[in-house]
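Below is my_file.pdb, holding PDB, C-alpha atoms.
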```pdb
MODEL        1
ATOM      1  CA  MET A   1     116.996 -54.374 153.306
ATOM      2  CA  THR A   2     119.764 -51.963 154.267
ATOM      3  CA  SER A   3     123.228 -51.046 153.095
ATOM      4  CA  ILE A   4     125.616 -48.925 155.114
ATOM      5  CA  GLU A   5     128.976 -48.205 153.513
ATOM      6  CA  HIS A   6     131.865 -46.414 155.168
ATOM      7  CA  GLN A   7     133.691 -43.456 153.676
ATOM      8  CA  TRP A   8     136.846 -44.180 151.737
ATOM      9  CA  ARG A   9     139.991 -42.175 152.388
ATOM     10  CA  LEU A  10     140.557 -39.241 150.049
ATOM     11  CA  ASN A  11     143.746 -37.287 149.434
ATOM     12  CA  PRO A  12     143.642 -33.568 150.340
ATOM     13  CA  ASN A  13     143.120 -32.386 146.734
ATOM     14  CA  LEU A  14     140.115 -34.681 146.290
ATOM     15  CA  LYS A  15     138.734 -33.662 149.685
ATOM     16  CA  GLY A  16     138.644 -30.101 148.380
ATOM     17  CA  VAL A  17     136.540 -31.217 145.397
ATOM     18  CA  VAL A  18     134.080 -32.971 147.734
ATOM     19  CA  LYS A  19     133.912 -29.974 150.086
ATOM     20  CA  LYS A  20     133.226 -27.554 147.222
ATOM     21  CA  GLU A  21     130.479 -29.759 145.723
ATOM     22  CA  LYS A  22     128.930 -30.417 149.138
ATOM     23  CA  MET A  23     128.779 -26.691 149.901
ATOM     24  CA  LYS A  24     127.269 -25.919 146.481
ATOM     25  CA  LEU A  25     124.523 -28.533 147.023
ATOM     26  CA  LEU A  26     123.869 -27.400 150.622
ATOM     27  CA  VAL A  27     123.530 -23.736 149.648
ATOM     28  CA  ALA A  28     121.160 -24.674 146.803
ATOM     29  CA  GLY A  29     119.023 -26.734 149.215
ATOM     30  CA  VAL A  30     119.503 -29.920 147.189
ATOM     31  CA  ILE A  31     120.969 -31.863 150.150
ATOM     32  CA  TYR A  32     120.649 -31.677 153.920
ATOM     33  CA  ALA A  33     122.600 -33.093 156.864
ATOM     34  CA  ILE A  34     121.244 -36.363 158.247
ATOM     35  CA  SER A  35     122.406 -38.208 161.342
ATOM     36  CA  ASN A  36     121.142 -41.729 160.733
ATOM     37  CA  SER A  37     120.000 -43.787 157.782
ATOM     38  CA  ASN A  38     119.705 -47.443 156.800
ATOM     39  CA  TRP A  39     121.053 -46.616 153.327
ATOM     40  CA  VAL A  40     124.466 -44.958 153.204
ATOM     41  CA  SER A  41     126.604 -44.781 150.072
ATOM     42  CA  HIS A  42     130.156 -43.473 149.790
ATOM     43  CA  VAL A  43     131.554 -40.851 147.434
ATOM     44  CA  HIS A  44     134.164 -41.217 144.707
ATOM     45  CA  VAL A  45     136.072 -38.465 142.985
ATOM     46  CA  VAL A  46     136.624 -39.184 139.298
ATOM     47  CA  PRO A  47     138.357 -37.230 136.540
ATOM     48  CA  LYS A  48     136.080 -34.960 134.533
ATOM     49  CA  LYS A  49     136.764 -35.712 130.901
ATOM     50  CA  GLY A  50     136.990 -32.919 128.389
ATOM     51  CA  GLY A  51     137.297 -33.040 124.639
ATOM     52  CA  ILE A  52     139.817 -34.911 122.551
ATOM     53  CA  THR A  53     143.086 -33.245 121.626
ATOM     54  CA  VAL A  54     145.899 -34.492 119.416
ATOM     55  CA  ILE A  55     149.394 -34.732 120.855
ATOM     56  CA  THR A  56     152.676 -35.782 119.297
ATOM     57  CA  ASN A  57     154.548 -38.705 120.861
ATOM     58  CA  GLU A  58     158.322 -39.353 120.855
ATOM     59  CA  LYS A  59     158.080 -41.022 117.398
ATOM     60  CA  ASN A  60     156.472 -37.848 116.018
ATOM     61  CA  GLU A  61     153.128 -39.635 115.589
ATOM     62  CA  LEU A  62     149.846 -37.821 116.202
ATOM     63  CA  ILE A  63     147.888 -39.483 118.996
ATOM     64  CA  PRO A  64     144.293 -38.489 119.879
ATOM     65  CA  THR A  65     144.068 -38.089 123.649
ATOM     66  CA  ARG A  66     141.132 -37.284 125.909
ATOM     67  CA  THR A  67     141.909 -34.333 128.156
ATOM     68  CA  VAL A  68     141.028 -34.170 131.847
ATOM     69  CA  THR A  69     139.525 -30.828 132.824
ATOM     70  CA  GLY A  70     139.138 -31.395 136.562
ATOM     71  CA  ASN A  71     137.475 -33.749 139.013
ATOM     72  CA  ARG A  72     133.877 -34.494 139.886
ATOM     73  CA  MET A  73     132.210 -36.038 142.917
ATOM     74  CA  CYS A  74     130.154 -39.176 142.272
ATOM     75  CA  ILE A  75     128.140 -41.247 144.701
ATOM     76  CA  ASP A  76     128.223 -45.038 144.500
ATOM     77  CA  PHE A  77     124.518 -45.967 144.496
ATOM     78  CA  ARG A  78     125.129 -49.525 143.171
ATOM     79  CA  LYS A  79     123.721 -51.280 146.256
ATOM     80  CA  LEU A  80     120.641 -49.029 146.332
ATOM     81  CA  ASN A  81     120.140 -49.542 142.586
ATOM     82  CA  ALA A  82     120.357 -53.327 143.027
ATOM     83  CA  ALA A  83     117.460 -53.196 145.528
ATOM     84  CA  THR A  84     115.360 -50.769 143.456
ATOM     85  CA  ARG A  85     112.408 -51.874 141.328
ATOM     86  CA  LYS A  86     113.278 -50.756 137.802
ATOM     87  CA  ASP A  87     111.140 -48.369 135.769
ATOM     88  CA  HIS A  88     111.345 -49.450 132.143
ATOM     89  CA  PHE A  89     110.174 -46.224 130.530
ATOM     90  CA  PRO A  90     111.516 -46.352 126.961
ATOM     91  CA  LEU A  91     114.030 -43.597 126.304
ATOM     92  CA  PRO A  92     113.952 -42.277 122.725
ATOM     93  CA  PHE A  93     116.826 -42.913 120.335
ATOM     94  CA  ILE A  94     118.906 -39.815 119.611
ATOM     95  CA  ASP A  95     118.545 -40.188 115.820
ATOM     96  CA  GLN A  96     114.746 -40.217 116.166
ATOM     97  CA  MET A  97     114.891 -37.101 118.339
ATOM     98  CA  LEU A  98     117.064 -35.289 115.784
ATOM     99  CA  GLU A  99     114.695 -36.250 112.960
ATOM    100  CA  ARG A 100     111.787 -34.749 114.901
ATOM    101  CA  LEU A 101     113.727 -31.494 115.399
ATOM    102  CA  ALA A 102     115.034 -31.203 111.827
ATOM    103  CA  ASN A 103     112.320 -29.037 110.226
ATOM    104  CA  HIS A 104     111.489 -26.785 113.159
ATOM    105  CA  PRO A 105     112.666 -23.162 113.139
ATOM    106  CA  TYR A 106     113.215 -23.043 116.931
ATOM    107  CA  TYR A 107     114.539 -25.519 119.425
ATOM    108  CA  SER A 108     116.078 -25.432 122.870
ATOM    109  CA  PHE A 109     118.555 -27.416 124.921
ATOM    110  CA  LEU A 110     117.848 -28.531 128.467
ATOM    111  CA  ASP A 111     120.549 -28.464 131.074
ATOM    112  CA  GLY A 112     120.545 -31.997 132.502
ATOM    113  CA  TYR A 113     122.334 -30.892 135.673
ATOM    114  CA  SER A 114     119.637 -28.386 136.546
ATOM    115  CA  GLY A 115     116.885 -30.641 135.208
ATOM    116  CA  PHE A 116     117.627 -33.538 137.519
ATOM    117  CA  PHE A 117     117.630 -31.279 140.554
ATOM    118  CA  GLN A 118     114.124 -30.000 139.688
ATOM    119  CA  ILE A 119     112.570 -33.362 140.565
ATOM    120  CA  ARG A 120     111.716 -33.694 144.259
ATOM    121  CA  ILE A 121     112.194 -36.959 146.123
ATOM    122  CA  HIS A 122     109.316 -38.021 148.366
ATOM    123  CA  PRO A 123     110.263 -37.282 152.010
ATOM    124  CA  ASP A 124     109.870 -40.975 152.931
ATOM    125  CA  ASP A 125     112.517 -41.920 150.337
ATOM    126  CA  GLN A 126     115.055 -39.145 150.894
ATOM    127  CA  GLU A 127     117.000 -41.078 153.529
ATOM    128  CA  LYS A 128     117.762 -43.771 150.922
ATOM    129  CA  THR A 129     119.932 -41.259 149.055
ATOM    130  CA  THR A 130     122.205 -40.706 152.067
ATOM    131  CA  PHE A 131     125.895 -40.461 151.299
ATOM    132  CA  THR A 132     128.898 -40.159 153.556
ATOM    133  CA  CYS A 133     131.942 -37.986 152.982
ATOM    134  CA  PRO A 134     134.737 -36.596 155.184
ATOM    135  CA  TYR A 135     132.395 -33.725 156.135
ATOM    136  CA  GLY A 136     129.464 -35.793 157.399
ATOM    137  CA  ARG A 137     126.373 -37.591 156.150
ATOM    138  CA  PHE A 138     123.937 -35.940 153.791
ATOM    139  CA  ALA A 139     120.746 -36.926 151.969
ATOM    140  CA  TYR A 140     119.215 -35.537 148.788
ATOM    141  CA  ARG A 141     115.933 -33.607 148.660
ATOM    142  CA  ARG A 142     116.124 -33.617 144.847
ATOM    143  CA  MET A 143     116.875 -36.459 142.476
ATOM    144  CA  PRO A 144     120.631 -37.064 142.210
ATOM    145  CA  PHE A 145     122.607 -38.485 139.320
ATOM    146  CA  GLY A 146     123.415 -42.185 139.613
ATOM    147  CA  LEU A 147     120.025 -43.617 140.542
ATOM    148  CA  CYS A 148     118.920 -46.318 138.101
ATOM    149  CA  ASN A 149     115.460 -44.808 137.532
ATOM    150  CA  ALA A 150     116.638 -41.196 137.335
ATOM    151  CA  PRO A 151     116.940 -40.943 133.517
ATOM    152  CA  ALA A 152     113.480 -42.465 132.952
ATOM    153  CA  THR A 153     111.945 -40.192 135.606
ATOM    154  CA  PHE A 154     113.650 -37.161 134.072
ATOM    155  CA  GLN A 155     112.447 -38.177 130.593
ATOM    156  CA  CYS A 156     108.839 -38.579 131.793
TER     157      CYS A 156
ENDMDL
END
```
Write the structure described by the file as structure tokens, please.
Amino acid sequence: MTSIEHQWRLNPNLKGVVKKEKMKLLVAGVIYAISNSNWVSHVHVVPKKGGITVITNEKNELIPTRTVTGNRMCIDFRKLNAATRKDHFPLPFIDQMLERLANHPYYSFLDGYSGFFQIRIHPDDQEKTTFTCPYGRFAYRRMPFGLCNAPATFQC
């Protein structure tokens, strides 16, 4: 099975977001340029949501509003995820995790962004993570966000 999607048009501001993210991933060695693949997904640029702030409307009512702090590049892996055999590793419930941490004097937080990129993708499967953007086609060497089995693999 294959799925080759074409790049969508992006306005110049969103192209800048994609270029910056692509360069960051290239320099870190997380992605590499690839010329041909049977699996190609396209990129989206979506608003990065911040916290909630309260604003006053014209009727002098207080309205909670989610702020947008910038944009982020996302890759549409829906077709790849549809063809992927699912790993049903049970993720723990957050309340159970907090109960287990409650009486310990020390604890630590993991950075999910860095954590995902620590997991290598087998070389035979890297081409399946190919994405296209206005600057070319690239594939991941490390596990990207958006794959259906990524959270379970990260949890394991």
Using all atoms listed in the file, find the one residue out of A:Ala139, A:Val18, A:Leu62, A:Ile52 that sits nearest to A:Asn36. A:Ala139
What's the 10 Å shell around A:Asp87, counting all atoms listed in the file, without same-chain residues fewer than 3 positions away, as a count of residues only? 8
Could you list as a count of residues only every residue that has an atom within 12 Å of (120.4, -29.0, 155.1), using the file's coordinates and counting all atoms listed in the file? 20
Residue with the minimum atom-to-atom distance to A:Lys48, picked from A:Val68, A:Pro105, A:Asn60, A:Asp76 with only C-alpha atoms counted, is A:Val68
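Across A:Gln96, A:Thr2, A:Thr53, A:Asn71, the tightest approach to A:Lys20 is made by A:Asn71 when counting all atoms listed in the file.
With all atoms listed in the file as the atoms that count, the minimum distance from A:Trp8 to the choices A:His44, A:His104, A:Leu147, A:Gly50 is reached by A:His44.
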Determine the residue set returned by the PyMOL selection byres ((chain A and resi 72) around 10) for the present structure, and present it as a ChimeraX atom specification. /A:14,17-18,21,44-49,69-71,73-74
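Once the PyMOL selection byres ((chain A and resi 123) around 12) is applied to the shown structure, the selection contains A:Tyr32, A:Arg120, A:Ile121, A:His122, A:Asp124, A:Asp125, A:Gln126, A:Glu127, A:Lys128, A:Thr129, A:Ala139, A:Tyr140, A:Arg141, A:Arg142, A:Met143.
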Every residue with an atom at most 8 Å from (126.9, -44.8, 151.2) (file coordinates; all atoms listed in the file) is what I'm after, so could you write them as a ChimeraX atom specification? /A:3-7,39-43,75-77,130-132
Minimum-distance residue to A:Gly146, chosen among A:Asn81, A:Asn13, A:Asn103, A:Ser108 (using all atoms listed in the file): A:Asn81
Could you state the separation of atom CA of A:Lys79 and atom CA of A:Lys19 in Å, given to one decimal place?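 It comes out at 23.9 Å.
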Looking at A:Arg66, A:Pro12, A:Phe117, A:Leu101, which one is nearest to A:Val54, with distances taken over all atoms listed in the file? A:Arg66
For stretch 77-80 of chain A, take all atoms listed in the file, fit an axis-aligned box around them, add 5 Å to each of the six sides, then output centre and edge lengths in Å rounded to one decimal, as AutoDock Vina command-line options.
```
--center_x 122.9 --center_y -48.6 --center_z 144.8 --size_x 14.5 --size_y 15.3 --size_z 13.2
```
Gap from atom CA of A:Leu10 to atom CA of A:Cys133 - Å, one decimal: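 According to the coordinates, atom CA of A:Leu10 and atom CA of A:Cys133 are separated by 9.2 Å.
Atom CA of A:Leu91 is found 18.4 Å from atom CA of A:Pro144.
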